[in-house]
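First comes the structure, then the notes that go with it.
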Amino acid sequence: MESKRVVVVGNGMVGHHFVETLVGKSAGAHITVIGEEPRPAYDRVHLSDVFAGRAPEELAMADRDTYKEWGVDAHFGDPVVKIERNKKEVVTQLGRRFAYDKLVLATGSYPFVPPVPGHENKRCLTYRTIDDLGEIKARAKDSRVGVVVGGGLLGLECANALQNLGLETHVVEFAPGLMGVQLDEGGSRMLRRKVEALGVSVHTGKNTQNIGKGDSCALKMEFADGSELETDMVVFSAGIRPRDNLAREFELAVGERGGIVVDANLLTTDSNIYCIGESALYDGRIYGLVAPGYRMAEAAAAQIAGEEARFTGADMSTKLKLLGVDVGSIGDAHGRTAGSISFVFSDEREDVYKRIVTSGDGKQLLGAVLVGDCSGYDSLLQYHLNAIELPPEPQALIAPAAGEAPVLGAAALPVTATVCSCHNVTKGDIVDAIDAGCCSVGDVKGSTRASSGCGGCAAMLKNLVDDELTSRGVSVDKSICEHFPYTRQELYHLAQVGETRTFDAMLHQHGKGHGCDICKPAIASILASLWNDHVLDTPHIGLQDTNDTFMANMQKDGTYSIVPRVAGGEITPEKLIAIGQVAQKYDLYTKITGGQRVDLFGARLEQLPPIWQELIDAGFETGHAYGKALRTVKSCVGNSWCRFGVQDSVGMAIRIEDRYKGLRAPHKLKSAVSGCTRECAEAQSKDFGVIATEHGWNLYVCGNGGMKPRHADLFATDLDDQTLISYIDRFLMFYIRTADRLQRTSTWMDNLEGGIDYLREVVIEDSLGLAAELEAQMTSIVGTYQCEWKTTLRDPDKLKRFRAFVNSDETDNGVVFVKEREQIRPARAEERLRLVASSK
Amino acid sequence: MTAAEKLNWEVVCRRDDLVAQSGVCARVGEAQVALFYLPGEEQQVYALNNRDPIGGANVLSRGIVGDVGGRLVVASPLYKQHFDLNTGECLEESGVSVEAYKVRIEGDTVLIRN
Ligand code: SRM
Ligand SMILES: Cc1cc2nc3c(=O)[nH]c(=O)nc-3n(C[C@H](O)[C@H](O)[C@H](O)COP(=O)(O)OP(=O)(O)OC[C@H]3O[C@@H](n4cnc5c(N)ncnc54)[C@H](O)[C@@H]3O)c2cc1C
Ligand code: SF4
Ligand code: FES
């Protein structure tokens with residue numbers, strides 16, 4: 001039999017997926033691909049990643065070589081302009097002709113630009129292709145202000161891009177709210193609050209009437225209501241329109257508002273011509289997402305290969321992060337189904353909005369809107385897609401009592417449940433992959449392609465894979481590194497039970513090899529938490545990160561910074577002067593830190609001991625800025641001075657800092673004490689924070705600033721001084737015993753089964769019977785405290801390490817400073833070259 | 001060892017100057033050389049140029065030593081890349097390496113091949 005000639009017009013995401021699927025069926029078709037864009041298909045969905053630094057080449061989905069390997073004839077940069085249906089041939093712009101038995105139109109869509117006078121200005125752009133992206137970037141270079149017309153999904157993505165490019169960003173929307181298609185009014189309002197909080201100005205209900213020349217900017221937009229907005233560039237993102245021109249010209253049926261009409265077989269009104277993707281109109285509807293397009297591609301490919309397959313519509317639920325805001329929309333988000341009822345949760349303090357729409361009897365989930373917190377999306381989507389009966393109190397699915405929300409575990413899903421909608425992978429497919437030998441998320445991803453599209457299903461996939469592996473008795477490898485087949489917690493217990501005091505002994509008894517920069521500091525920290533020996537005692541010397549080894553923080557040029565402890569941030573004028581004198585004498589860069597103390601930068605290795613000698617003589621101690629240990633306990637001035645203060649917050653901060661100073665932990669520890677509820681010391685951003693009340697102290701735990709801020713949870717209220725300290729003792733020791741390496745209290749808590757309630761049981765109710773032991777261990781650590789610098793200065797052997805060279809008194813000539821704002825800083829590479837050259 | 005070979009070896013420091021399971025730095029002519037002392041190994045001492053080519057500072061002697069995938073290494077204290085103590089190769093970034101020197105210990109003396 002002669003092989004069937006299949007010609008595909010358009011090499012976008014869906015066109016490519018069609019080719020890939022058809023090739024996979026080995027149906028003996030001869031495939032020709034004709035694309036208008038100069039490059040093979042790429043991942044349009046992740047186009048915006050390029051603004052965040054991803055290279056455009058990384059978005060490629062296909063390349064010329066692969067097509068060649070597949071025997072696919074591919075032509076780029078030359079669009080099809082004619083379909084000669086009687087001859088069954090298409091003609092390109094360059095006049096090339098291709099004959100077909102089956103023709104597939106996958107021409108996608110184009111951005112709609114409203115015909116406003118002035119829209120043809122070269123500062124008015126659109127956003128759909130890699131080429132568009134280049135133009136936006138180029139235009140942004142000489143722009144200060146940017147406007148996106150359109151507040152839908154793409155518009156907001158585009159706004160994010162403009163913001164990333166450093167422009168003052170505005171979104172102009174014709175409708176009364178943002179993302180009106182996917183969100184209901186409440187969700188849309190919440191999204192607006194969040195977007196505005198991120199610095200993007202939102203203008204809704206604006207009908208643009210003219211784009212003219214601006215006064216302070218290049219352009220001025222004039223709106224129907226008489227208002228104006230000046231901007232240097234405009235990006236139109238006011239919706240998409242199907243590219244159906246070929247169908248119109250060559251007499252295939254198109255919809256009233258555009259789109260090439262197809263039936264469930266994806267056939268147009270010509271039985272040799274298919275249409276798939278965003279240019280297709282099925283059942284009166286355009287599917288503007290990639291997953292439904294893929295389903296169409298698969299169905300069309302199957303039919304051409306002689307299989308039975310139909311397209312019967314697709315789910316349009318989406319979960320996205322727009323400008324860093326989580327947004328989810330499922331099914332009937334607006335509650336338009338007759339007889340449906342809604343449950344709404346809105347929290348304007350945390351800026352979270354959730355709504356679920358259910359059938360009148362509350363048993364079926366018809367739709368949902370989530371803004372600000374999409375953690376429930378996966379479960380909700382599964383309820384919706386698989387028509388799983390809702391729990392009797394469906395509102396619990398969105399109510400904030402997070403711990404109790406009935407999360408739909410992977411185990412509860414039917415095998416037919418779709419886990420990855422981009423690649424149409426069901427739970428059954430994943431289970432099969434694991435049965436066939438996959439034993440990690442990576443393996444499953446490689447074999448089923450789940451989670452390699454939009455990535456929205458990653459969390460669900462991981463859950464499912466872990467669950468399946470565990471149920472098969474496969475243990476997931478949690479070893480700390482190649483030298484020890486244990487977690488940090490297990491190592492802690494081994495050291496404690498075996499009363500092991502050195503790394504060598506640990507390695508000998510429980511590990512192999514020499515150790516490395518992961519297990520050495522981790523075990524050094526465990527040993528310090530248990531036995532509290534000096535960090536520079538001989539057996540511990542090689543274990544510490546350089547900061548611990550030299551008890552100072554290494555800077556980019558190899559010099560160090562010095563931070564003396566200033567407990568609670570309280571300091572006498574004499575001590576301040578002493579710090580100033582030392583800094584002056586050694587010409588150190590001086591800065592007030594974010595932790596209420598003073599940092600001195602630019603000390604050479606060999607200068608550390610004399611500097612510390614002077615600081616210690618002036619009454620200072622080490623501040624452990626270098627250690628995974630207690631850092632600072634910030635305070636506010638409290639009731640001694642402040643008219644609102646209700647307790648002595650400075651006194652308590654100093655008491656806490658003195659108690660836990662030097663305590664080694666899995667990660668650094670920070671604390672703060674505020675004198676009243678105004679919270680000037682920011683205690684709720686700390687690992688443990690204390691806020692004064694009329695009757696005592698409220699204790700907060702597991703807060704974090706830094707990379708992933710988390711507010712601390714209120715742990716216990718109105719405590720007296722002694723109870724406060726004993727709770728903190730227990731809390732810290734329990735953390736030290738059970739946390740992972742480099743896991744701060746916030747992530748530790750997030751991973752603790754049972755969460756804060758469990759922690760309360762252990763610490764307050766003593767459910768494990770550990771309280772006395774934890775307190776005793778803390779007391780022993782407190783009792784063995786030493787200022788590491790003081791001890792070091794008394795020990796000539798330890799001091800030996802503080803030399804630039806073992807065989808010379810010279811100093812490191814790689815350290816070069818320049819002056820800036822009257823203080824030193826490390827010379828930059830080019831400055832250094834100049835300075836070194838001129839000194840020769 | 002012949003007299004000629006002996007001529008090429010220069011005394012750097014004493015065994016006492018080294019710190020076991022860790023590094024120190026020595027001056028050899030104009031160069032800064034990081035010396036790592038692993039008494040358990042047959043060779044006992046290893047030498048790399050002290051300059052971290054990635055961080056651009058003279059700090060390798062202050063890194064943690066250990067083994068990764070069977071190779072003896074030091075981890076740079078700046079950005080934690082590993083350098084092979086025998087060859088100077090960077091494990092993470094192919095093409096990046098530091099100079100590795102021949103060293104040995106004779107009795108109490110540490111010698112380097114110049
Ligand atoms: C000096 C200081 C900045 C300043 O000029 O103000 C600073 C400087 C450094 N911070 Fe910080 N942090 C300083 C306050 C903070 C704060 C604010 C605070 O403590 O109130 C935070 C956010 C609060 C928090 O930790 O929750 C902070 C969050 C971080 C983080 C991110 C931690 C996280 O959990 O995400 C790191 C990285 C790390 O620890 O892994 C870090 C790491 C560092 C290091 C140690 C990075 C390094 O390894 O070189 C910096 C060197 C310090 C040095 O050379 O002395 N620094 N750092 C502040 C010292 C405070 C002090 O007196 O000890
Ligand atoms: C910035 C951005 C973000 C997006 N984010 C998401 C998301 O998060 N989730 C999601 O599901 N979807 C998202 N989408 C939508 C998704 O990209 C589309 O649904 C998908 O690309 C549609 O694929 P397609 O192949 O039908 O059309 P396209 O990808 O547009 O491909 C059509 C191709 O056909 C070519 N063509 C047109 N006419 C001719 C002709 N006559 N001859 C030859 N070639 C022709 C075009 O040049 C184009 O290359 C996003 C889109 C954009 C622009
Ligand atoms: S927290 Fe209260 S006591 Fe402390 S400074 Fe602020 S207002 Fe005053
Ligand atoms: S749902 Fe998009 S990758 Fe799985």
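Ligands are numbered from 1 in the order shown, chains are lettered A, B, ... in the order of the structure tokens, and residues start at 1 in each chain.
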
Ligand 2 neighbours within 7 Å using only C-alpha atoms and all ligand atoms, as a ChimeraX atom specification: /A:9-15,34-37,41,44-48,78-81,106-110,127-129,154,157,243,246,276-279,288-291,293,320,454

Every residue of stretch 62-250 of chain A that DSSP places in helix (DSSP H, G or I), as a ChimeraX atom specification: /A:64-69,130-141,153-164,185-197,245-249

Near-ligand residues for ligand 3, threshold 12 Å, only C-alpha atoms and all ligand atoms, as a ChimeraX atom specification: /A:634-650,653,672-684,690-694

Expected selection as a PDB file with all heavy atoms, in the first residue's frame for ligand 4 within 7 Å, only C-alpha atoms and all ligand atoms:
ATOM      1  N   VAL A 419      -3.941  12.439  36.737  1.00  0.00           N
ATOM      2  CA  VAL A 419      -3.035  13.149  37.624  1.00  0.00           C
ATOM      3  C   VAL A 419      -2.386  14.303  36.861  1.00  0.00           C
ATOM      4  O   VAL A 419      -2.343  15.427  37.308  1.00  0.00           O
ATOM      5  CB  VAL A 419      -1.968  12.190  38.184  1.00  0.00           C
ATOM      6  CG1 VAL A 419      -0.932  12.958  38.989  1.00  0.00           C
ATOM      7  CG2 VAL A 419      -2.644  11.142  39.060  1.00  0.00           C
ATOM      8  N   CYS A 420      -1.907  14.019  35.665  1.00  0.00           N
ATOM      9  CA  CYS A 420      -1.291  15.069  34.852  1.00  0.00           C
ATOM     10  C   CYS A 420      -2.184  15.316  33.656  1.00  0.00           C
ATOM     11  O   CYS A 420      -2.325  14.444  32.795  1.00  0.00           O
ATOM     12  CB  CYS A 420       0.093  14.623  34.396  1.00  0.00           C
ATOM     13  SG  CYS A 420       0.822  15.761  33.225  1.00  0.00           S
ATOM     14  N   SER A 421      -2.798  16.489  33.611  1.00  0.00           N
ATOM     15  CA  SER A 421      -3.712  16.712  32.491  1.00  0.00           C
ATOM     16  C   SER A 421      -2.959  17.128  31.240  1.00  0.00           C
ATOM     17  O   SER A 421      -3.443  16.940  30.139  1.00  0.00           O
ATOM     18  CB  SER A 421      -4.812  17.705  32.860  1.00  0.00           C
ATOM     19  OG  SER A 421      -4.252  18.862  33.401  1.00  0.00           O
ATOM     20  N   CYS A 422      -1.762  17.696  31.391  1.00  0.00           N
ATOM     21  CA  CYS A 422      -1.005  18.073  30.187  1.00  0.00           C
ATOM     22  C   CYS A 422      -0.722  16.849  29.326  1.00  0.00           C
ATOM     23  O   CYS A 422      -0.824  16.884  28.118  1.00  0.00           O
ATOM     24  CB  CYS A 422       0.317  18.729  30.547  1.00  0.00           C
ATOM     25  SG  CYS A 422       0.106  20.391  31.162  1.00  0.00           S
ATOM     26  N   HIS A 423      -0.304  15.768  29.969  1.00  0.00           N
ATOM     27  CA  HIS A 423       0.062  14.594  29.193  1.00  0.00           C
ATOM     28  C   HIS A 423      -0.910  13.450  29.385  1.00  0.00           C
ATOM     29  O   HIS A 423      -0.609  12.311  29.049  1.00  0.00           O
ATOM     30  CB  HIS A 423       1.494  14.174  29.513  1.00  0.00           C
ATOM     31  CG  HIS A 423       2.482  15.174  29.000  1.00  0.00           C
ATOM     32  ND1 HIS A 423       2.716  15.345  27.667  1.00  0.00           N
ATOM     33  CD2 HIS A 423       3.235  16.088  29.632  1.00  0.00           C
ATOM     34  CE1 HIS A 423       3.597  16.315  27.493  1.00  0.00           C
ATOM     35  NE2 HIS A 423       3.927  16.788  28.673  1.00  0.00           N
ATOM     36  N   ALA A 450       4.515  12.452  32.873  1.00  0.00           N
ATOM     37  CA  ALA A 450       3.734  13.206  33.854  1.00  0.00           C
ATOM     38  C   ALA A 450       4.609  14.301  34.434  1.00  0.00           C
ATOM     39  O   ALA A 450       5.789  14.090  34.684  1.00  0.00           O
ATOM     40  CB  ALA A 450       3.267  12.280  34.975  1.00  0.00           C
ATOM     41  N   SER A 451       4.022  15.478  34.606  1.00  0.00           N
ATOM     42  CA  SER A 451       4.708  16.586  35.256  1.00  0.00           C
ATOM     43  C   SER A 451       5.791  17.234  34.392  1.00  0.00           C
ATOM     44  O   SER A 451       6.553  18.051  34.870  1.00  0.00           O
ATOM     45  CB  SER A 451       5.315  16.109  36.582  1.00  0.00           C
ATOM     46  OG  SER A 451       5.890  17.162  37.256  1.00  0.00           O
ATOM     47  N   SER A 452       5.827  16.887  33.095  1.00  0.00           N
ATOM     48  CA  SER A 452       6.825  17.554  32.259  1.00  0.00           C
ATOM     49  C   SER A 452       6.189  18.620  31.377  1.00  0.00           C
ATOM     50  O   SER A 452       6.802  19.147  30.479  1.00  0.00           O
ATOM     51  CB  SER A 452       7.585  16.527  31.407  1.00  0.00           C
ATOM     52  OG  SER A 452       6.685  15.868  30.560  1.00  0.00           O
ATOM     53  N   GLY A 453       4.904  18.940  31.656  1.00  0.00           N
ATOM     54  CA  GLY A 453       4.247  20.025  30.924  1.00  0.00           C
ATOM     55  C   GLY A 453       4.267  21.284  31.753  1.00  0.00           C
ATOM     56  O   GLY A 453       5.323  21.829  32.040  1.00  0.00           O
ATOM     57  N   CYS A 454       3.091  21.709  32.218  1.00  0.00           N
ATOM     58  CA  CYS A 454       3.023  22.956  32.983  1.00  0.00           C
ATOM     59  C   CYS A 454       3.606  22.773  34.375  1.00  0.00           C
ATOM     60  O   CYS A 454       3.925  23.739  35.050  1.00  0.00           O
ATOM     61  CB  CYS A 454       1.581  23.427  33.099  1.00  0.00           C
ATOM     62  SG  CYS A 454       0.577  22.365  34.162  1.00  0.00           S
ATOM     63  N   GLY A 455       3.754  21.548  34.837  1.00  0.00           N
ATOM     64  CA  GLY A 455       4.348  21.307  36.149  1.00  0.00           C
ATOM     65  C   GLY A 455       3.353  21.411  37.288  1.00  0.00           C
ATOM     66  O   GLY A 455       3.691  21.198  38.443  1.00  0.00           O
ATOM     67  N   GLY A 456       2.111  21.716  36.958  1.00  0.00           N
ATOM     68  CA  GLY A 456       1.107  21.929  37.998  1.00  0.00           C
ATOM     69  C   GLY A 456       0.816  20.695  38.832  1.00  0.00           C
ATOM     70  O   GLY A 456       0.326  20.788  39.944  1.00  0.00           O
ATOM     71  N   CYS A 457       1.141  19.528  38.290  1.00  0.00           N
ATOM     72  CA  CYS A 457       0.779  18.308  38.990  1.00  0.00           C
ATOM     73  C   CYS A 457       1.932  17.742  39.811  1.00  0.00           C
ATOM     74  O   CYS A 457       1.833  16.641  40.342  1.00  0.00           O
ATOM     75  CB  CYS A 457       0.321  17.267  37.975  1.00  0.00           C
ATOM     76  SG  CYS A 457       1.620  16.897  36.786  1.00  0.00           S
ATOM     77  N   ALA A 458       3.040  18.491  39.907  1.00  0.00           N
ATOM     78  CA  ALA A 458       4.253  17.943  40.527  1.00  0.00           C
ATOM     79  C   ALA A 458       4.023  17.438  41.952  1.00  0.00           C
ATOM     80  O   ALA A 458       4.465  16.345  42.309  1.00  0.00           O
ATOM     81  CB  ALA A 458       5.368  18.976  40.497  1.00  0.00           C
TER      82      ALA A 458
END

Find the residues around A:Glu249 up to 10 Å (only C-alpha atoms counted), leave out those fewer than 3 positions away in its own chain, and share them as a tab-separated table (two decimals) with N, CA and C atoms, in the first residue's frame.
chain	number	residue	atom	x	y	z
A	81	VAL	N	-0.36	29.61	2.29
A	81	VAL	CA	-1.28	30.69	1.94
A	81	VAL	C	-2.49	30.19	1.14
A	82	LYS	N	-2.44	28.97	0.70
A	82	LYS	CA	-3.52	28.48	-0.17
A	82	LYS	C	-3.79	27.01	0.07
A	83	ILE	N	-5.07	26.65	0.06
A	83	ILE	CA	-5.40	25.23	0.05
A	83	ILE	C	-6.18	24.97	-1.23
A	244	ASP	N	-8.05	31.46	11.57
A	244	ASP	CA	-8.93	30.65	10.71
A	244	ASP	C	-9.00	31.20	9.30
A	245	ASN	N	-8.04	32.09	8.92
A	245	ASN	CA	-8.14	32.74	7.61
A	245	ASN	C	-8.13	31.74	6.45
A	246	LEU	N	-7.30	30.67	6.59
A	246	LEU	CA	-7.27	29.68	5.50
A	246	LEU	C	-8.65	29.06	5.31
A	252	LEU	N	-14.14	26.50	4.31
A	252	LEU	CA	-14.50	25.52	5.34
A	252	LEU	C	-15.35	26.31	6.33

Neighbourhood of ligand 1 at 7 Å, counting only C-alpha atoms and all ligand atoms, reported as an NGL selection string: :A and (553-555 or 560-563 or 591-599 or 625-626 or 631-632 or 668 or 670 or 685-686 or 704-708 or 744)

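Using only C-alpha atoms, the smallest distance between any of B:Gly56, B:Asp67, B:Ser97, B:Val74 and B:Ser22 comes from B:Val74.
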
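Closest approach to chain B among A:His508, A:Lys321, A:His483, A:Arg565 is made by A:His483 (distances from only C-alpha atoms).
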
Chain B residues near chain A (8 Å cut-off, only C-alpha atoms) as number ranges by chain: B: 12-13, 17, 20-22, 24-27, 55-59, 62-70, 75, 77-78

Would you mind exporting N, CA, C and O atoms of the selected residues as a short mmCIF file (atom, residue, chain, number, x, y, z; two decimals), in the first residue's frame?
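Wrote it out as part33.cif, contents follow:
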data_model
loop_
_atom_site.label_atom_id
_atom_site.label_comp_id
_atom_site.auth_asym_id
_atom_site.auth_seq_id
_atom_site.Cartn_x
_atom_site.Cartn_y
_atom_site.Cartn_z
N VAL B 12 59.47 23.12 52.85
CA VAL B 12 58.46 24.16 53.04
C VAL B 12 58.26 24.45 54.53
O VAL B 12 58.24 25.60 54.94
N CYS B 13 58.05 23.40 55.31
CA CYS B 13 57.78 23.62 56.71
C CYS B 13 57.98 22.31 57.45
O CYS B 13 58.42 21.33 56.86
N ASP B 17 53.85 22.02 61.73
CA ASP B 17 53.09 23.17 61.25
C ASP B 17 51.76 22.75 60.62
O ASP B 17 50.87 23.56 60.42
N ALA B 20 46.28 18.10 61.33
CA ALA B 20 45.75 16.84 60.82
C ALA B 20 44.29 16.98 60.38
O ALA B 20 43.51 17.70 61.00
N GLN B 21 43.93 16.30 59.30
CA GLN B 21 42.57 16.30 58.72
C GLN B 21 42.14 17.69 58.28
O GLN B 21 40.96 17.99 58.22
N SER B 22 43.12 18.56 58.02
CA SER B 22 42.74 19.92 57.66
C SER B 22 43.86 20.55 56.84
O SER B 22 44.82 19.87 56.46
N VAL B 24 46.61 24.01 55.90
CA VAL B 24 47.29 25.25 56.27
C VAL B 24 47.84 25.82 54.97
O VAL B 24 47.83 25.16 53.94
N CYS B 25 48.35 27.07 55.04
CA CYS B 25 48.88 27.67 53.83
C CYS B 25 50.36 27.98 53.99
O CYS B 25 50.80 28.37 55.09
N ALA B 26 51.13 27.79 52.93
CA ALA B 26 52.57 28.10 52.98
C ALA B 26 52.93 28.96 51.78
O ALA B 26 52.26 28.93 50.74
N ARG B 27 53.99 29.71 51.93
CA ARG B 27 54.51 30.50 50.82
C ARG B 27 55.58 29.67 50.12
O ARG B 27 56.49 29.15 50.77
N GLY B 55 35.81 31.48 43.41
CA GLY B 55 35.58 32.61 44.30
C GLY B 55 36.60 33.73 44.10
O GLY B 55 36.36 34.88 44.48
N GLY B 56 37.76 33.40 43.54
CA GLY B 56 38.76 34.42 43.29
C GLY B 56 39.45 34.93 44.55
O GLY B 56 39.89 36.08 44.59
N ALA B 57 39.56 34.11 45.60
CA ALA B 57 40.27 34.53 46.81
C ALA B 57 41.18 33.39 47.26
O ALA B 57 40.97 32.22 46.89
N ASN B 58 42.19 33.74 48.06
CA ASN B 58 43.18 32.73 48.48
C ASN B 58 42.70 32.02 49.74
O ASN B 58 43.05 32.39 50.85
N VAL B 59 41.89 30.99 49.57
CA VAL B 59 41.20 30.41 50.72
C VAL B 59 41.14 28.89 50.77
O VAL B 59 40.63 28.34 51.75
N ARG B 62 41.58 26.72 53.78
CA ARG B 62 40.64 26.83 54.88
C ARG B 62 39.34 26.05 54.63
O ARG B 62 38.32 26.26 55.29
N GLY B 63 39.36 25.15 53.65
CA GLY B 63 38.16 24.35 53.36
C GLY B 63 38.15 23.04 54.13
O GLY B 63 39.13 22.67 54.76
N ILE B 64 37.03 22.34 54.04
CA ILE B 64 36.91 21.04 54.70
C ILE B 64 37.43 19.95 53.75
O ILE B 64 37.08 19.95 52.57
N VAL B 65 38.25 19.02 54.28
CA VAL B 65 38.71 17.93 53.43
C VAL B 65 37.86 16.69 53.66
O VAL B 65 37.27 16.51 54.72
N GLY B 66 37.81 15.84 52.65
CA GLY B 66 37.00 14.63 52.77
C GLY B 66 37.11 13.84 51.48
O GLY B 66 38.05 14.05 50.71
N ASP B 67 36.17 12.93 51.24
CA ASP B 67 36.18 12.25 49.96
C ASP B 67 34.78 12.28 49.36
O ASP B 67 33.78 12.26 50.05
N VAL B 68 34.74 12.38 48.02
CA VAL B 68 33.48 12.39 47.29
C VAL B 68 33.65 11.42 46.13
O VAL B 68 34.58 11.56 45.34
N GLY B 69 32.79 10.44 46.07
CA GLY B 69 32.86 9.44 45.00
C GLY B 69 34.24 8.81 44.91
O GLY B 69 34.74 8.54 43.81
N GLY B 70 34.89 8.59 46.05
CA GLY B 70 36.17 7.90 46.05
C GLY B 70 37.37 8.80 45.81
O GLY B 70 38.50 8.35 45.81
N ALA B 75 36.67 21.09 50.00
CA ALA B 75 35.52 21.90 49.59
C ALA B 75 35.89 23.36 49.81
O ALA B 75 36.28 23.74 50.91
N PRO B 77 35.73 26.98 50.93
CA PRO B 77 34.88 27.60 51.96
C PRO B 77 33.97 28.69 51.40
O PRO B 77 33.02 29.09 52.05
N LEU B 78 34.24 29.15 50.18
CA LEU B 78 33.39 30.23 49.65
C LEU B 78 32.10 29.70 49.06
O LEU B 78 31.03 29.98 49.56
#

Residues near B:Lys102, cut-off 8 Å, only C-alpha atoms, skip fewer than 2 positions along chain, as a PyMOL selection string: chain B and resi 46-47+100+104+112-113

Selection near A:Lys4, 10 Å with only C-alpha atoms, sequence-local residues under 4 positions removed, as a PyMOL selection string: chain A and resi 27-31+100-102+304-305

Could you turn the residues from that selection into a file that holds C-alpha atoms, as a compact mmCIF listing (two decimals), in the first residue's frame?
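Result went into selection_3.txt, see below:
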# COMPACT_ATOMS: atom_id res chain seq x y z
CA ALA A 27 1.27 4.05 10.92
CA GLY A 28 3.44 4.38 7.87
CA ALA A 29 2.35 7.93 7.12
CA HIS A 30 4.64 10.34 5.32
CA ILE A 31 4.48 13.54 7.32
CA TYR A 100 -1.79 15.65 0.87
CA ASP A 101 -4.12 12.80 1.53
CA LYS A 102 -4.93 14.22 4.93
CA ILE A 304 -5.37 8.93 10.77
CA ALA A 305 -3.64 5.79 11.98

Gap from atom CA of A:Tyr589 to atom CA of A:Pro610 - Å, one decimal: 16.8 Å

DSSP-assigned strand (DSSP E or B) members of stretch 435-600 of chain A, reported as a PyMOL selection string: chain A and resi 481+484+553-554+560-562+564+589-592+598-600

Who sits within 9 Å of B:Phe83, only C-alpha atoms, same chain under 6 positions skipped, as a ChimeraX atom specification: /B:48,60,72-76,89-92,97-98

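If you look at atom CA of A:Pro242 and atom CA of A:Leu191, they are 28.0 Å away from each other.
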